[in-house]
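The file protein.tsv comes next; it holds TSV, C-alpha atoms.
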```tsv
chain	number	residue	atom	x	y	z
A	21	MET	CA	-7.22	20.20	4.28
A	22	GLU	CA	-9.50	17.66	2.60
A	23	THR	CA	-7.96	14.27	1.84
A	24	ARG	CA	-8.64	11.88	-1.03
A	25	LEU	CA	-9.28	8.87	1.17
A	26	LYS	CA	-12.91	7.73	1.23
A	27	GLU	CA	-12.65	4.40	3.03
A	28	VAL	CA	-10.29	1.86	4.58
A	29	LEU	CA	-11.90	-1.57	4.26
A	30	ALA	CA	-10.50	-4.50	6.26
A	31	VAL	CA	-11.44	-7.96	4.96
A	32	VAL	CA	-11.55	-10.16	8.05
A	33	ASN	CA	-12.41	-13.69	9.07
A	34	ASN	CA	-10.63	-15.79	11.70
A	35	LYS	CA	-11.09	-18.89	9.55
A	36	GLY	CA	-8.76	-19.72	6.67
A	37	GLY	CA	-9.83	-20.62	3.15
A	38	VAL	CA	-12.95	-18.43	3.10
A	39	GLY	CA	-11.91	-16.21	0.21
A	40	LYS	CA	-10.43	-13.14	1.91
A	41	THR	CA	-7.53	-12.83	-0.51
A	42	THR	CA	-9.73	-13.56	-3.53
A	43	THR	CA	-12.20	-10.95	-2.34
A	44	VAL	CA	-9.52	-8.26	-1.96
A	45	GLN	CA	-7.95	-9.06	-5.33
A	46	SER	CA	-11.24	-9.29	-7.24
A	47	LEU	CA	-12.91	-6.34	-5.53
A	48	ALA	CA	-9.88	-4.12	-6.17
A	49	ALA	CA	-9.91	-5.15	-9.84
A	50	ALA	CA	-13.67	-4.48	-10.05
A	51	MET	CA	-13.19	-1.05	-8.50
A	52	MET	CA	-10.52	-0.18	-11.07
A	53	ARG	CA	-12.93	-1.14	-13.85
A	54	TYR	CA	-15.81	0.77	-12.27
A	55	ARG	CA	-13.91	4.04	-11.83
A	56	ARG	CA	-10.60	4.47	-13.62
A	57	ASP	CA	-9.92	7.68	-11.70
A	58	TRP	CA	-9.89	5.86	-8.35
A	59	ARG	CA	-6.48	5.12	-6.87
A	60	ILE	CA	-6.65	1.80	-4.99
A	61	LEU	CA	-4.12	0.55	-2.42
A	62	VAL	CA	-4.15	-3.00	-1.05
A	63	ILE	CA	-2.20	-3.99	2.07
A	64	ASP	CA	-1.26	-7.65	2.55
A	65	LEU	CA	-1.27	-8.48	6.28
A	66	ASP	CA	-1.26	-12.25	5.76
A	67	PRO	CA	2.19	-13.89	6.28
A	68	GLN	CA	1.38	-16.31	3.44
A	69	GLY	CA	1.63	-13.37	1.05
A	70	ASP	CA	-0.81	-14.77	-1.50
A	71	LEU	CA	-2.27	-11.35	-2.27
A	72	THR	CA	1.24	-9.99	-2.86
A	73	LYS	CA	1.94	-12.77	-5.37
A	74	LEU	CA	-1.32	-12.13	-7.20
A	75	ILE	CA	-1.03	-8.35	-7.36
A	76	ARG	CA	2.68	-8.35	-8.14
A	77	GLY	CA	2.32	-11.02	-10.81
A	78	SER	CA	5.99	-11.99	-10.57
A	79	SER	CA	8.47	-13.74	-8.30
A	80	MET	CA	8.38	-12.94	-4.60
A	81	SER	CA	10.62	-10.31	-3.02
A	82	TYR	CA	10.33	-9.24	0.59
A	83	THR	CA	12.10	-5.90	0.34
A	84	GLY	CA	9.87	-3.08	1.52
A	85	SER	CA	7.34	-5.42	3.12
A	86	VAL	CA	4.73	-4.36	5.65
A	87	THR	CA	6.71	-6.42	8.19
A	88	GLU	CA	9.65	-4.03	8.00
A	89	ALA	CA	7.44	-1.01	8.55
A	90	MET	CA	5.36	-2.46	11.39
A	91	SER	CA	8.34	-3.94	13.23
A	92	GLY	CA	10.04	-0.55	13.39
A	93	ASP	CA	12.97	-1.55	11.17
A	94	ASN	CA	11.68	0.94	8.63
A	95	GLY	CA	9.38	3.69	9.86
A	96	ASN	CA	7.45	4.07	6.60
A	97	LEU	CA	5.22	1.89	4.45
A	98	THR	CA	6.65	1.21	0.99
A	99	ILE	CA	4.17	1.49	-1.90
A	100	PHE	CA	4.63	-0.58	-5.06
A	101	LYS	CA	2.62	-0.51	-8.28
A	102	GLY	CA	1.16	-3.87	-9.27
A	103	ARG	CA	-0.98	-5.32	-11.98
A	104	ASN	CA	-3.55	-3.14	-13.74
A	105	GLY	CA	-2.65	-0.01	-11.82
A	106	ILE	CA	-3.40	-1.36	-8.34
A	107	TYR	CA	-0.91	-0.21	-5.71
A	108	TYR	CA	0.16	-2.53	-2.91
A	109	VAL	CA	2.14	-2.97	0.28
A	110	PRO	CA	3.64	-6.48	0.22
A	111	SER	CA	3.71	-9.06	2.99
A	112	SER	CA	6.48	-11.44	4.03
A	113	PRO	CA	6.71	-14.72	6.01
A	114	GLU	CA	8.39	-12.83	8.87
A	115	LEU	CA	5.03	-11.20	9.59
A	116	GLN	CA	4.03	-14.31	11.55
A	117	LYS	CA	6.73	-13.46	14.11
A	118	ILE	CA	5.94	-9.76	14.46
A	119	GLU	CA	3.88	-9.76	17.67
A	120	PRO	CA	6.87	-9.39	20.06
A	121	ARG	CA	8.08	-6.43	17.98
A	122	LEU	CA	4.64	-4.84	18.12
A	123	MET	CA	4.51	-5.25	21.90
A	124	GLU	CA	7.75	-3.27	22.19
A	125	GLN	CA	6.00	-0.23	20.72
A	126	MET	CA	4.05	2.38	22.65
A	127	GLN	CA	0.64	1.55	21.14
A	128	PRO	CA	0.91	-1.97	19.69
A	129	TYR	CA	-2.62	-2.03	18.25
A	130	MET	CA	-2.23	1.36	16.56
A	131	VAL	CA	0.99	0.77	14.61
A	132	LEU	CA	-0.68	0.43	11.20
A	133	ARG	CA	-2.84	3.48	11.89
A	134	ARG	CA	0.28	5.54	12.61
A	135	LEU	CA	1.94	4.27	9.44
A	136	LEU	CA	-1.03	5.26	7.28
A	137	LEU	CA	-0.69	8.81	8.57
A	138	THR	CA	3.08	8.90	7.97
A	139	GLU	CA	4.67	9.78	4.62
A	140	PHE	CA	5.24	6.58	2.68
A	141	ILE	CA	8.14	5.49	0.48
A	142	ASP	CA	7.24	5.62	-3.20
A	143	ASN	CA	8.72	2.57	-4.93
A	144	THR	CA	6.73	2.83	-8.17
A	145	PRO	CA	8.76	2.67	-11.39
A	146	ASP	CA	8.79	6.42	-12.03
A	147	GLY	CA	9.07	7.29	-8.35
A	148	ILE	CA	5.98	9.48	-8.54
A	149	ILE	CA	2.52	8.28	-7.50
A	150	THR	CA	0.21	10.46	-9.52
A	151	PHE	CA	-2.65	10.39	-11.95
A	152	GLU	CA	-1.91	11.69	-15.44
A	153	GLU	CA	-4.52	14.42	-14.98
A	154	ASP	CA	-3.01	15.65	-11.67
A	155	SER	CA	-1.62	19.14	-12.12
A	156	ILE	CA	0.81	18.71	-9.22
A	157	LYS	CA	3.00	15.65	-8.90
A	158	GLN	CA	3.85	14.82	-5.30
A	159	LYS	CA	6.94	12.73	-4.61
A	160	SER	CA	5.91	12.13	-1.01
A	161	CYS	CA	2.63	12.34	0.86
A	162	THR	CA	0.51	10.33	3.24
A	163	ILE	CA	-1.87	7.59	2.17
A	164	PRO	CA	-5.02	9.68	2.93
A	165	ASP	CA	-3.61	12.36	0.60
A	166	CYS	CA	-2.84	10.03	-2.29
A	167	PHE	CA	-5.36	7.16	-2.33
A	168	ASP	CA	-9.13	6.91	-2.62
A	169	TYR	CA	-9.58	3.45	-1.12
A	170	VAL	CA	-7.45	1.08	0.96
A	171	LEU	CA	-8.29	-2.63	1.14
A	172	ILE	CA	-6.57	-4.75	3.81
A	173	ASP	CA	-6.22	-8.53	3.50
A	174	CYS	CA	-6.07	-9.84	7.08
A	175	PRO	CA	-4.59	-13.12	8.33
A	176	PRO	CA	-6.92	-16.04	9.20
A	177	ALA	CA	-6.83	-15.30	12.93
A	178	LEU	CA	-7.80	-12.63	15.43
A	179	SER	CA	-4.13	-11.75	15.75
A	180	MET	CA	-2.45	-8.42	16.54
A	181	CYS	CA	-2.21	-7.76	12.80
A	182	THR	CA	-5.97	-8.20	12.49
A	183	TYR	CA	-6.55	-5.84	15.44
A	184	ASN	CA	-4.21	-3.32	13.80
A	185	ALA	CA	-6.32	-3.54	10.63
A	186	MET	CA	-9.56	-3.04	12.57
A	187	ALA	CA	-8.03	-0.12	14.48
A	188	VAL	CA	-7.38	1.79	11.25
A	189	ALA	CA	-10.37	0.65	9.15
A	190	SER	CA	-13.57	2.57	8.64
A	191	GLY	CA	-15.36	-0.57	7.48
A	192	LEU	CA	-15.20	-4.33	7.97
A	193	LEU	CA	-16.13	-6.85	5.26
A	194	ILE	CA	-16.49	-10.48	6.40
A	195	PRO	CA	-16.47	-13.18	3.67
A	196	VAL	CA	-18.34	-16.29	4.83
A	197	GLN	CA	-18.74	-19.68	3.19
A	198	MET	CA	-22.20	-21.20	3.41
A	199	GLU	CA	-21.01	-24.00	5.68
A	200	GLY	CA	-21.84	-24.69	9.31
A	201	LEU	CA	-18.44	-23.98	10.88
A	202	SER	CA	-17.90	-20.84	8.83
A	203	VAL	CA	-21.33	-19.39	9.60
A	204	SER	CA	-21.07	-20.21	13.31
A	205	GLY	CA	-17.60	-18.61	13.41
A	206	LEU	CA	-19.04	-15.21	12.53
A	207	ALA	CA	-20.01	-14.31	16.08
A	208	PRO	CA	-16.47	-14.02	17.56
A	209	VAL	CA	-15.40	-11.70	14.73
A	210	ILE	CA	-18.36	-9.38	15.29
A	211	VAL	CA	-17.82	-9.43	19.07
A	212	GLU	CA	-14.20	-8.36	18.59
A	213	MET	CA	-15.21	-5.72	16.06
A	214	GLU	CA	-17.53	-4.18	18.65
A	215	ARG	CA	-14.75	-4.26	21.25
A	216	VAL	CA	-12.33	-2.52	18.88
A	217	LYS	CA	-15.02	0.06	18.12
A	218	ARG	CA	-15.48	0.78	21.85
A	219	GLU	CA	-11.82	0.85	22.81
A	220	LEU	CA	-9.74	1.78	19.75
A	221	ASN	CA	-11.70	3.02	16.75
A	222	THR	CA	-15.12	4.62	17.12
A	223	GLN	CA	-15.38	5.02	13.33
A	224	LEU	CA	-15.37	1.26	12.64
A	225	GLU	CA	-18.56	-0.08	11.05
A	226	LEU	CA	-19.65	-3.46	9.71
A	227	ARG	CA	-19.86	-2.85	5.95
A	228	GLY	CA	-21.06	-6.30	5.06
A	229	ILE	CA	-21.19	-10.04	5.61
A	230	LEU	CA	-20.40	-11.47	2.18
A	231	PRO	CA	-21.55	-14.99	1.23
A	232	VAL	CA	-18.77	-16.51	-0.89
A	233	MET	CA	-18.20	-19.74	-2.86
A	234	VAL	CA	-21.97	-20.13	-2.96
A	235	ASP	CA	-23.58	-23.11	-4.68
A	236	SER	CA	-27.24	-22.20	-4.42
A	237	ARG	CA	-28.56	-25.65	-5.41
A	238	PRO	CA	-28.36	-27.59	-2.11
A	239	ASN	CA	-31.13	-26.87	0.40
A	240	ILE	CA	-28.59	-26.60	3.23
A	241	VAL	CA	-26.96	-23.62	1.48
A	242	LYS	CA	-30.33	-21.92	1.12
A	243	SER	CA	-30.96	-22.47	4.82
A	244	PHE	CA	-27.60	-20.91	5.76
A	245	VAL	CA	-28.33	-17.83	3.63
A	246	GLU	CA	-31.79	-17.54	5.21
A	247	TYR	CA	-30.30	-17.87	8.69
A	248	LEU	CA	-27.71	-15.13	8.00
A	249	ARG	CA	-30.37	-12.74	6.72
A	250	GLN	CA	-32.57	-13.42	9.76
A	251	ALA	CA	-29.69	-13.08	12.23
A	252	TYR	CA	-27.82	-10.12	10.69
A	253	GLY	CA	-30.44	-8.41	8.55
A	254	ASP	CA	-29.20	-5.65	6.26
A	255	ASN	CA	-25.59	-6.36	7.27
A	256	VAL	CA	-25.64	-9.32	4.87
A	257	CYS	CA	-24.66	-8.24	1.36
A	258	GLU	CA	-27.27	-8.62	-1.33
A	259	THR	CA	-24.49	-9.81	-3.61
A	260	MET	CA	-23.41	-13.44	-3.24
A	261	ILE	CA	-20.20	-14.68	-4.84
A	262	PRO	CA	-20.75	-18.01	-6.64
A	263	ARG	CA	-18.34	-20.90	-6.45
A	264	SER	CA	-16.16	-20.64	-9.57
A	265	VAL	CA	-13.36	-22.74	-10.98
A	266	LYS	CA	-12.52	-19.74	-13.20
A	267	ILE	CA	-11.16	-17.84	-10.20
A	268	ASN	CA	-8.81	-20.71	-9.39
A	269	GLU	CA	-7.70	-20.89	-13.02
A	270	ALA	CA	-7.12	-17.12	-13.14
A	271	GLN	CA	-5.06	-17.12	-9.94
A	272	THR	CA	-2.95	-20.01	-11.23
A	273	LYS	CA	-2.02	-17.74	-14.13
A	274	LYS	CA	-1.43	-14.79	-11.72
A	275	GLN	CA	-4.36	-12.96	-13.27
A	276	ASP	CA	-7.50	-11.43	-11.84
A	277	ILE	CA	-10.91	-12.73	-12.91
A	278	TYR	CA	-11.44	-9.83	-15.34
A	279	GLU	CA	-8.23	-10.53	-17.23
A	280	TYR	CA	-9.11	-14.21	-17.44
A	281	LYS	CA	-12.91	-14.40	-17.86
A	282	GLN	CA	-14.52	-11.00	-17.51
A	283	TRP	CA	-18.05	-12.27	-18.22
A	284	SER	CA	-17.93	-15.21	-15.83
A	285	PRO	CA	-20.57	-15.30	-13.05
A	286	ALA	CA	-17.91	-14.58	-10.39
A	287	ALA	CA	-16.63	-11.53	-12.29
A	288	ILE	CA	-20.15	-10.17	-12.66
A	289	ALA	CA	-20.79	-10.79	-8.95
A	290	TYR	CA	-17.72	-8.82	-7.86
A	291	GLU	CA	-18.79	-5.93	-10.09
A	292	GLN	CA	-22.18	-6.01	-8.36
A	293	LEU	CA	-20.44	-6.06	-4.97
A	294	CYS	CA	-18.37	-3.02	-5.95
A	295	LYS	CA	-21.53	-1.08	-6.83
A	296	GLU	CA	-23.27	-2.26	-3.66
A	297	LEU	CA	-20.45	-1.17	-1.36
A	298	PHE	CA	-19.17	1.98	-3.04
```

Produce structure tokens that represent the structure in this file.
Amino acid sequence: METRLKEVLAVVNNKGGVGKTTTVQSLAAAMMRYRRDWRILVIDLDPQGDLTKLIRGSSMSYTGSVTEAMSGDNGNLTIFKGRNGIYYVPSSPELQKIEPRLMEQMQPYMVLRRLLLTEFIDNTPDGIITFEEDSIKQKSCTIPDCFDYVLIDCPPALSMCTYNAMAVASGLLIPVQMEGLSVSGLAPVIVEMERVKRELNTQLELRGILPVMVDSRPNIVKSFVEYLRQAYGDNVCETMIPRSVKINEAQTKKQDIYEYKQWSPAAIAYEQLCKELF
């Protein structure tokens, strides 16, 4: 039976502060604007839970978090409905202590993959995840049956949670700042991606290296972009996300960039990225 799911995209970098959460939030919002009939699910695998706060748009609650599902306390992912029709699986601070619980399981790097293929718990307000035009309303189904795209916000480390994301993803998107340490830190991520592809997930592909927070004026930034394109070729996204105070302002208000300033350069760039990837 054919499923809805077109792609599971893991947003990965082992360095913090490079815009992973912003990329997931803004790309999901851009996708919703691009195709209103797409059903988008985001999974927050970062213990800081910033994506959960942004998508939820309200005070934090850890009930039904991904931690509960992955630790085995609850054998199903719980799906919530967030801002602007984006669905999400929330994180919790306890996720940073999950590795011993994962190691107790039969296949510790495949836990998230198993959960995506298991019927989830529908915690949306009406208890039914469905489009208005769907002729059949399903109260329970698996994620591949019910969603078109899944975006995973990974922690800033090559941790077991990150490996779980790579083991279930069909594509990897790596946001990179145009700074020396960030650019040089790309290699370990790509090495581990290739190892996961060999040993766990033959379907995993590098979907893009995304330059983020780009100020194109300094010559050093231009040299970093040139180096990336020489070293990684077509794997580097044509789209570059500019540095933008508007994103910070929007997130302070718990909004996405399109709610706050839809014609800002960053908003336009994420729309271009959506078209480039999908």

List the neighbours of region 134-148 of chain A out to 9 Å using all atoms listed in the file; skip same-chain residues closer than 3 positions along the sequence, and give me the result as a ChimeraX atom specification.
/A:84,89-90,95-102,107,130-131,157-164,188

Measure the distance from CA of Ala185 (chain A) to CA of Pro231 (chain A) in Å and round it to one decimal.
21.2 Å

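Distance-wise, CA of Val196 (chain A) and CA of Pro128 (chain A) end up 28.2 Å apart.
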
Enumerate, in order of chain and increasing residue number, the residues of region 139-217 of chain A with an atom no farther than 9 Å from region 43-54 of chain A, each with its shortest atom pair and distance in Å to one decimal, counting only C-alpha atoms, as a tab-separated table.
```
residue	atom	partner	partner_atom	distance
A:Leu171	CA	A:Val44	CA	6.5
A:Ile172	CA	A:Val44	CA	7.4
A:Asp173	CA	A:Val44	CA	6.4
A:Pro195	CA	A:Thr43	CA	7.7
```

Taking (-1.2, -13.7, -10.1) as a centre in this file's frame and 12 Å as the limit, can you find every polymer residue with an atom that close, using all atoms listed in the file, and give them as a PyMOL selection string?
chain A and resi 41-42+45-46+69-80+102-104+267-277+279-280

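Computed from the coordinates, the CA of Cys257 (chain A) to CA of Gly200 (chain A) distance equals 18.5 Å.
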
For region 214-226 of chain A, I'd like the enclosing box, axis-aligned and padded by 4 Å on every side, reported as JSON with centre and edge lengths in Å to one decimal.
```
{"center_x": -14.7, "center_y": 0.4, "center_z": 16.3, "size_x": 17.9, "size_y": 17.3, "size_z": 21.1}
```

Dump as a tab-separated table the rows for residues of region 255-283 of chain A within 12 Å of region 294-298 of chain A: closest atom pair and distance in Å with one decimal, only C-alpha atoms counted, ordered by chain and rising residue number.
```
residue	atom	partner	partner_atom	distance
A:Asn255	CA	A:Leu297	CA	11.3
A:Val256	CA	A:Glu296	CA	11.3
A:Cys257	CA	A:Glu296	CA	7.9
A:Glu258	CA	A:Glu296	CA	7.9
A:Thr259	CA	A:Glu296	CA	7.6
A:Met260	CA	A:Glu296	CA	11.2
A:Ile261	CA	A:Cys294	CA	11.9
```

Which residue out of A:Tyr108, A:Pro175, A:Val209, A:Asp168 has the minimum interatomic distance to Arg55 (chain A) when only C-alpha atoms are used?
A:Asp168

Taking into account all atoms listed in the file, which residue in the set A:Ile118, A:Leu65, A:Ala286, A:Cys166 is nearest to Ala30 (chain A)?
A:Leu65

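Neighbourhood of point (-22.6, -28.1, 3.1): residues with an atom at most 10 Å away, counting only C-alpha atoms, are A:Gln197, A:Met198, A:Glu199, A:Gly200, A:Leu201, A:Asp235, A:Pro238, A:Asn239, A:Ile240, A:Val241, A:Phe244.
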
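Shortest atom-to-atom contact with Ile194 (chain A) among A:Thr23, A:Ser264, A:Asn34, A:Ser179: A:Asn34, counting only C-alpha atoms.
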
Exercise: Thr222 (chain A) partners within 12 Å, only C-alpha atoms, chain neighbours under 4 positions left out, as a ChimeraX atom specification:
/A:186-191,213-218,226
